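Undergrad: Enclosed is the structure file start_20.cif (mmCIF, C-alpha atoms, pLDDT in the B column; chains and numbers go by the auth columns).
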data_work
loop_
_atom_site.group_PDB
_atom_site.id
_atom_site.type_symbol
_atom_site.label_atom_id
_atom_site.label_comp_id
_atom_site.label_asym_id
_atom_site.label_seq_id
_atom_site.Cartn_x
_atom_site.Cartn_y
_atom_site.Cartn_z
_atom_site.B_iso_or_equiv
_atom_site.auth_seq_id
_atom_site.auth_asym_id
ATOM 1 C CA ALA A 1 73.053 -7.936 -27.787 45.00 4 Z
ATOM 2 C CA LYS A 2 74.701 -10.488 -29.977 48.00 5 Z
ATOM 3 C CA ARG A 3 72.761 -13.706 -30.527 53.00 6 Z
ATOM 4 C CA GLY A 4 73.938 -16.719 -28.618 55.00 7 Z
ATOM 5 C CA LYS A 5 72.987 -20.351 -28.746 68.00 8 Z
ATOM 6 C CA GLU A 6 69.662 -22.095 -28.589 69.00 9 Z
ATOM 7 C CA MET A 7 68.337 -22.638 -25.103 76.00 10 Z
ATOM 8 C CA ALA A 8 68.900 -25.883 -23.241 73.00 11 Z
ATOM 9 C CA GLU A 9 66.170 -28.440 -22.645 83.00 12 Z
ATOM 10 C CA PRO A 10 63.589 -27.750 -19.930 93.00 13 Z
ATOM 11 C CA VAL A 11 63.892 -29.431 -16.534 94.00 14 Z
ATOM 12 C CA ARG A 12 60.243 -30.510 -16.717 94.00 15 Z
ATOM 13 C CA VAL A 13 57.606 -30.855 -19.471 94.00 16 Z
ATOM 14 C CA GLU A 14 53.927 -31.668 -19.034 95.00 17 Z
ATOM 15 C CA ARG A 15 51.563 -32.297 -21.976 94.00 18 Z
ATOM 16 C CA ASP A 16 47.905 -33.204 -22.050 94.00 19 Z
ATOM 17 C CA ARG A 17 48.350 -34.892 -25.472 88.00 20 Z
ATOM 18 C CA GLU A 18 50.486 -34.796 -28.578 84.00 21 Z
ATOM 19 C CA PRO A 19 49.785 -31.809 -30.837 81.00 22 Z
ATOM 20 C CA ASN A 20 47.467 -32.429 -33.785 77.00 23 Z
ATOM 21 C CA ARG A 21 49.377 -31.309 -36.885 72.00 24 Z
ATOM 22 C CA TRP A 22 46.843 -31.700 -39.643 64.00 25 Z
ATOM 23 C CA GLY A 23 48.953 -30.676 -42.619 64.00 26 Z
ATOM 24 C CA ALA A 24 47.966 -27.031 -42.816 55.00 27 Z
ATOM 25 C CA GLY A 25 51.591 -26.001 -43.187 61.00 28 Z
ATOM 26 C CA GLY A 26 52.813 -23.126 -41.113 65.00 29 Z
ATOM 27 C CA PRO A 27 55.141 -23.229 -38.135 74.00 30 Z
ATOM 28 C CA GLY A 28 56.194 -26.437 -36.425 81.00 31 Z
ATOM 29 C CA ILE A 29 56.474 -27.047 -32.698 86.00 32 Z
ATOM 30 C CA PRO A 30 58.550 -24.197 -31.206 91.00 33 Z
ATOM 31 C CA LYS A 31 61.994 -24.979 -29.852 92.00 34 Z
ATOM 32 C CA HIS A 32 63.162 -23.468 -26.560 94.00 35 Z
ATOM 33 C CA GLY A 33 64.048 -19.899 -27.413 94.00 36 Z
ATOM 34 C CA GLU A 34 67.403 -18.285 -27.913 94.00 37 Z
ATOM 35 C CA ILE A 35 70.007 -17.231 -25.352 95.00 38 Z
ATOM 36 C CA GLN A 36 71.436 -13.725 -25.751 94.00 39 Z
ATOM 37 C CA GLN A 37 74.892 -12.921 -24.420 94.00 40 Z
ATOM 38 C CA SER A 38 74.930 -10.727 -21.326 95.00 41 Z
ATOM 39 C CA LYS A 39 77.885 -9.053 -19.624 96.00 42 Z
ATOM 40 C CA VAL A 40 75.743 -8.400 -16.540 96.00 43 Z
ATOM 41 C CA ALA A 41 74.900 -12.116 -16.246 96.00 44 Z
ATOM 42 C CA LYS A 42 78.577 -12.959 -16.827 95.00 45 Z
ATOM 43 C CA ALA A 43 79.664 -10.752 -13.904 95.00 46 Z
ATOM 44 C CA ASP A 44 77.067 -12.338 -11.610 95.00 47 Z
ATOM 45 C CA LEU A 45 77.987 -15.832 -12.842 92.00 48 Z
ATOM 46 C CA GLU A 46 81.626 -15.203 -11.956 94.00 49 Z
ATOM 47 C CA SER A 47 80.666 -13.954 -8.470 94.00 50 Z
ATOM 48 C CA ASN A 48 78.038 -16.711 -8.083 89.00 51 Z
ATOM 49 C CA ALA A 49 75.430 -14.096 -7.117 91.00 52 Z
ATOM 50 C CA PHE A 50 72.369 -14.208 -9.370 94.00 53 Z
ATOM 51 C CA ASP A 51 69.482 -12.030 -8.157 95.00 54 Z
ATOM 52 C CA PHE A 52 66.331 -13.694 -9.547 95.00 55 Z
ATOM 53 C CA GLY A 53 64.289 -10.685 -8.436 95.00 56 Z
ATOM 54 C CA GLN A 54 66.009 -8.772 -11.257 96.00 57 Z
ATOM 55 C CA VAL A 55 64.528 -11.046 -13.966 97.00 58 Z
ATOM 56 C CA ASN A 56 61.722 -9.525 -16.024 97.00 59 Z
ATOM 57 C CA ILE A 57 59.673 -10.932 -18.915 98.00 60 Z
ATOM 58 C CA VAL A 58 57.881 -8.744 -21.442 97.00 61 Z
ATOM 59 C CA ALA A 59 55.531 -10.066 -24.132 97.00 62 Z
ATOM 60 C CA LYS A 60 54.732 -8.305 -27.389 98.00 63 Z
ATOM 61 C CA SER A 61 51.983 -9.455 -29.711 97.00 64 Z
ATOM 62 C CA LYS A 62 50.966 -8.615 -33.241 97.00 65 Z
ATOM 63 C CA SER A 63 47.823 -9.702 -35.077 96.00 66 Z
ATOM 64 C CA GLU A 64 46.984 -9.470 -38.758 95.00 67 Z
ATOM 65 C CA SER A 65 43.668 -10.168 -40.448 94.00 68 Z
ATOM 66 C CA ASP A 66 43.062 -10.462 -44.175 91.00 69 Z
ATOM 67 C CA GLU A 67 39.897 -11.715 -45.843 89.00 70 Z
ATOM 68 C CA GLY A 68 39.097 -14.330 -43.204 87.00 71 Z
ATOM 69 C CA ASP A 69 42.678 -15.313 -42.396 93.00 72 Z
ATOM 70 C CA MET A 70 43.997 -14.456 -38.924 94.00 73 Z
ATOM 71 C CA ASP A 71 47.664 -14.483 -37.935 94.00 74 Z
ATOM 72 C CA ASP A 72 48.878 -13.952 -34.355 96.00 75 Z
ATOM 73 C CA TYR A 73 52.563 -13.491 -33.467 96.00 76 Z
ATOM 74 C CA MET A 74 53.964 -13.468 -29.913 97.00 77 Z
ATOM 75 C CA THR A 75 57.508 -12.626 -28.797 98.00 78 Z
ATOM 76 C CA HIS A 76 58.691 -12.952 -25.199 98.00 79 Z
ATOM 77 C CA THR A 77 61.848 -11.207 -24.012 98.00 80 Z
ATOM 78 C CA MET A 78 63.544 -11.963 -20.695 98.00 81 Z
ATOM 79 C CA THR A 79 65.844 -9.335 -19.242 98.00 82 Z
ATOM 80 C CA TYR A 80 68.228 -9.548 -16.315 97.00 83 Z
ATOM 81 C CA LYS A 81 69.118 -6.231 -14.687 97.00 84 Z
ATOM 82 C CA GLY A 82 67.881 -4.535 -17.852 97.00 85 Z
ATOM 83 C CA GLU A 83 69.902 -6.623 -20.328 97.00 86 Z
ATOM 84 C CA THR A 84 68.225 -9.124 -22.696 97.00 87 Z
ATOM 85 C CA VAL A 85 69.200 -12.723 -21.895 97.00 88 Z
ATOM 86 C CA TRP A 86 66.538 -14.814 -23.702 96.00 89 Z
ATOM 87 C CA THR A 87 63.951 -14.472 -26.473 96.00 90 Z
ATOM 88 C CA PHE A 88 61.158 -16.802 -27.570 96.00 91 Z
ATOM 89 C CA SER A 89 58.621 -16.439 -30.386 96.00 92 Z
ATOM 90 C CA THR A 90 55.534 -18.324 -31.521 96.00 93 Z
ATOM 91 C CA SER A 91 52.768 -17.833 -34.058 94.00 94 Z
ATOM 92 C CA SER A 92 49.303 -19.216 -34.633 94.00 95 Z
ATOM 93 C CA HIS A 93 46.992 -18.915 -37.605 92.00 96 Z
ATOM 94 C CA SER A 94 43.388 -19.597 -38.519 92.00 97 Z
ATOM 95 C CA ASN A 95 40.979 -19.426 -41.418 91.00 98 Z
ATOM 96 C CA ILE A 96 37.731 -21.057 -42.480 89.00 99 Z
ATOM 97 C CA GLY A 97 39.528 -24.427 -42.654 87.00 100 Z
ATOM 98 C CA GLY A 98 40.815 -24.506 -39.081 88.00 101 Z
ATOM 99 C CA SER A 99 43.673 -23.346 -36.866 90.00 102 Z
ATOM 100 C CA TRP A 100 47.344 -24.257 -36.549 91.00 103 Z
ATOM 101 C CA GLY A 101 50.569 -23.055 -34.935 92.00 104 Z
ATOM 102 C CA THR A 102 51.221 -22.331 -31.257 94.00 105 Z
ATOM 103 C CA ASP A 103 50.120 -19.655 -28.763 96.00 106 Z
ATOM 104 C CA SER A 104 52.402 -18.920 -25.799 98.00 107 Z
ATOM 105 C CA ALA A 105 52.591 -17.303 -22.370 98.00 108 Z
ATOM 106 C CA CYS A 106 55.703 -17.005 -20.162 98.00 109 Z
ATOM 107 C CA SER A 107 56.164 -16.183 -16.486 97.00 110 Z
ATOM 108 C CA CYS A 108 58.686 -16.505 -13.674 96.00 111 Z
ATOM 109 C CA LYS A 109 57.677 -18.554 -10.646 96.00 112 Z
ATOM 110 C CA GLY A 110 60.336 -18.581 -7.965 94.00 113 Z
ATOM 111 C CA GLU A 111 63.549 -19.726 -9.633 95.00 114 Z
ATOM 112 C CA LEU A 112 61.782 -21.137 -12.704 97.00 115 Z
ATOM 113 C CA LEU A 113 60.775 -19.839 -16.108 97.00 116 Z
ATOM 114 C CA VAL A 114 57.379 -21.337 -16.975 98.00 117 Z
ATOM 115 C CA VAL A 115 56.424 -21.449 -20.661 98.00 118 Z
ATOM 116 C CA GLN A 116 52.807 -22.374 -21.393 98.00 119 Z
ATOM 117 C CA LEU A 117 51.993 -23.423 -24.940 97.00 120 Z
ATOM 118 C CA THR A 118 48.714 -24.121 -26.720 96.00 121 Z
ATOM 119 C CA HIS A 119 49.327 -26.038 -29.932 93.00 122 Z
ATOM 120 C CA ARG A 120 46.470 -25.268 -32.318 91.00 123 Z
ATOM 121 C CA GLY A 121 45.161 -28.176 -34.378 89.00 124 Z
ATOM 122 C CA ARG A 122 41.507 -27.623 -35.209 86.00 125 Z
ATOM 123 C CA THR A 123 39.877 -28.468 -38.514 85.00 126 Z
ATOM 124 C CA VAL A 124 36.343 -28.098 -39.827 83.00 127 Z
ATOM 125 C CA GLY A 125 34.355 -30.763 -38.019 82.00 128 Z
ATOM 126 C CA GLY A 126 37.166 -31.896 -35.730 82.00 129 Z
ATOM 127 C CA GLY A 127 40.762 -31.664 -34.687 83.00 130 Z
ATOM 128 C CA ARG A 128 41.937 -30.610 -31.276 88.00 131 Z
ATOM 129 C CA ASP A 129 44.254 -28.280 -29.441 91.00 132 Z
ATOM 130 C CA ALA A 130 46.959 -29.573 -27.106 93.00 133 Z
ATOM 131 C CA THR A 131 48.562 -27.854 -24.133 96.00 134 Z
ATOM 132 C CA GLU A 132 52.144 -28.089 -22.935 96.00 135 Z
ATOM 133 C CA GLU A 133 53.968 -26.559 -19.982 98.00 136 Z
ATOM 134 C CA ARG A 134 57.763 -26.297 -19.966 97.00 137 Z
ATOM 135 C CA LYS A 135 59.801 -25.338 -16.910 97.00 138 Z
ATOM 136 C CA TYR A 136 63.387 -24.068 -17.058 97.00 139 Z
ATOM 137 C CA GLU A 137 65.794 -23.170 -14.246 95.00 140 Z
ATOM 138 C CA LEU A 138 66.484 -19.404 -14.288 96.00 141 Z
ATOM 139 C CA LYS A 139 70.056 -20.041 -13.138 94.00 142 Z
ATOM 140 C CA ASP A 140 70.656 -22.175 -16.263 94.00 143 Z
ATOM 141 C CA ILE A 141 69.391 -19.390 -18.538 95.00 144 Z
ATOM 142 C CA LEU A 142 71.475 -16.723 -16.792 95.00 145 Z
ATOM 143 C CA ALA A 143 74.565 -18.939 -16.726 94.00 146 Z
ATOM 144 C CA ALA A 144 74.220 -19.606 -20.468 93.00 147 Z
ATOM 145 C CA ALA A 145 73.812 -15.873 -21.180 94.00 148 Z
ATOM 146 C CA GLY A 146 76.896 -15.124 -19.062 93.00 149 Z
ATOM 147 C CA THR A 147 78.931 -17.880 -20.702 91.00 150 Z
ATOM 148 C CA ALA A 148 78.015 -16.566 -24.183 86.00 151 Z
ATOM 149 C CA ALA A 149 79.343 -13.057 -23.334 81.00 152 Z
#
So that I can check it, write out the structure of this file as structure tokens.
TA:
Amino acid sequence: AKRGKEMAEPVRVERDREPNRWGAGGPGIPKHGEIQQSKVAKADLESNAFDFGQVNIVAKSKSESDEGDMDDYMTHTMTYKGETVWTFSTSSHSNIGGSWGTDSACSCKGELLVVQLTHRGRTVGGGRDATEERKYELKDILAAAGTAA
């Protein structure tokens, strides 16, 4: 699938606090993922007949450890009737000095995509993690994937 545009803003965001970015470098706050063009979504967009039961999300993770440093990478892929329509990736890291980056989990609840994020921000003797939940309308994602095709 050819890459499309960045995903639109969520319809709702809830945070327990602002993320603590303590200057460790590494990845910033993740954006909203990337829309992939889909001919299947385009056909259903044109007939105004999205079947949300045909949406599936798969997560793949990879971890690396090297002399006290830990790196975790997560990629989420949403498919519609077997065709990729959206991808989203995050990474988090830790070492003796603390932790930084973002962990993620994604799920479909009814007609919504729910993205749960934990922004890592711990340091020796302090710091804090922050949580964020983003909700997106599935129809908006599928419409964008169909429009990109």
Undergrad: Show which residues sit within 9 Å of range 70-72 of chain Z, as a list in words. Count only C-alpha atoms, and ignore same-chain residues fewer than 2 positions away.
TA: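 Returned residues: Glu67, Ser68, Asp74, His96, Ser97, Asn98 and Ile99 of chain Z.
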Undergrad: Rounded to one decimal in Å, what is the spacing between CA of Gly104 in chain Z and CA of Gly129 in chain Z?
TA: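 Going from CA of Gly104 in chain Z over to CA of Gly129 in chain Z, I get 16.1 Å.
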Undergrad: Taking all atoms listed in the file into account, which of Z:Ile38, Z:Leu116, Z:Cys111, Z:Ile60 comes nearest Ala151 in chain Z?
TA: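 Answer, going by the shortest atom-to-atom distance: Z:Ile38.
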Undergrad: What's around Gly124 in chain Z at 8 Å? Count only C-alpha atoms, leave out sequence neighbours fewer than 3 positions away in its own chain, and write the answer as a VMD selection string.
TA: chain Z and resid 22 to 25 101 to 104 130 to 133
Undergrad: At a cut-off of 12 Å, using all atoms listed in the file, what residues contact Lys42 in chain Z? Leave out same-chain residues fewer than 6 positions from it and give the result as a PyMOL selection string.
TA: chain Z and resi 4-5+48-49+83-88+145-152
Undergrad: Could you work out how far CA of Lys142 in chain Z lies from CA of His35 in chain Z, giving the answer in Å with one decimal?
TA: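 Calculated distance between CA of His35 in chain Z and CA of Lys142 in chain Z is 15.5 Å.
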Undergrad: For the provided coordinates, the residues matched by the PyMOL selection byres ((chain Z and resi 110) around 10) should be stated as a list in words.
TA: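 Taken on the displayed file, the PyMOL selection byres ((chain Z and resi 110) around 10) yields the residues Asn59, Ile60, Val61, Ala62, His79, Met81, Ala108, Cys109, Cys111, Lys112, Gly113, Leu115, Leu116, Val117, Val118, Gln119 and Lys138 of chain Z.
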Undergrad: Run through the PyMOL selection byres ((chain Z and resi 78) around 8) on the given coordinates and return the selected residues as JSON, numbers by chain.
TA: {"Z": [62, 63, 64, 76, 77, 79, 80, 90, 91, 92, 93]}
Undergrad: Could you jot down the CA of Glu12 in chain Z to CA of Gly36 in chain Z separation for me, Å, one decimal place?
TA: 10.0 Å
Undergrad: Choose the residue, out of Z:Ser95, Z:Arg123, Z:Met73, Z:Ile144, that has the smallest atom-to-atom separation from Ala44 in chain Z; count only C-alpha atoms.
TA: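 Ranking Z:Ser95, Z:Arg123, Z:Met73, Z:Ile144 by distance to Ala44 in chain Z, first place goes to Z:Ile144.
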Undergrad: Would you mind telling me which residue in Z:Gly100, Z:Asp19, Z:Lys34, Z:Ser41 lies nearest to Glu135 in chain Z when using all atoms listed in the file?
TA: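 Among Z:Gly100, Z:Asp19, Z:Lys34, Z:Ser41, it is Z:Asp19 that comes nearest to Glu135 in chain Z.
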Undergrad: In terms of the shortest atom-to-atom distance over only C-alpha atoms, which of Z:Val58, Z:Ala46, Z:Ile32, Z:Ala52 is closest to Thr105 in chain Z?
TA: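 Among the listed residues, Z:Ile32 lies closest to Thr105 in chain Z.
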Undergrad: On this file, the PyMOL selection byres ((chain Z and resi 18) around 7) gives some set of residues; write that set as a list in words.
TA: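 Those residues are Val16, Glu17, Asp19, Arg20, Thr134, Glu135 and Glu136 of chain Z.
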Undergrad: I'd like to know which of Z:Thr82, Z:Met10, Z:Asp106, Z:Gly128 is closest to Gln57 in chain Z, using all atoms listed in the file.
TA: Z:Thr82
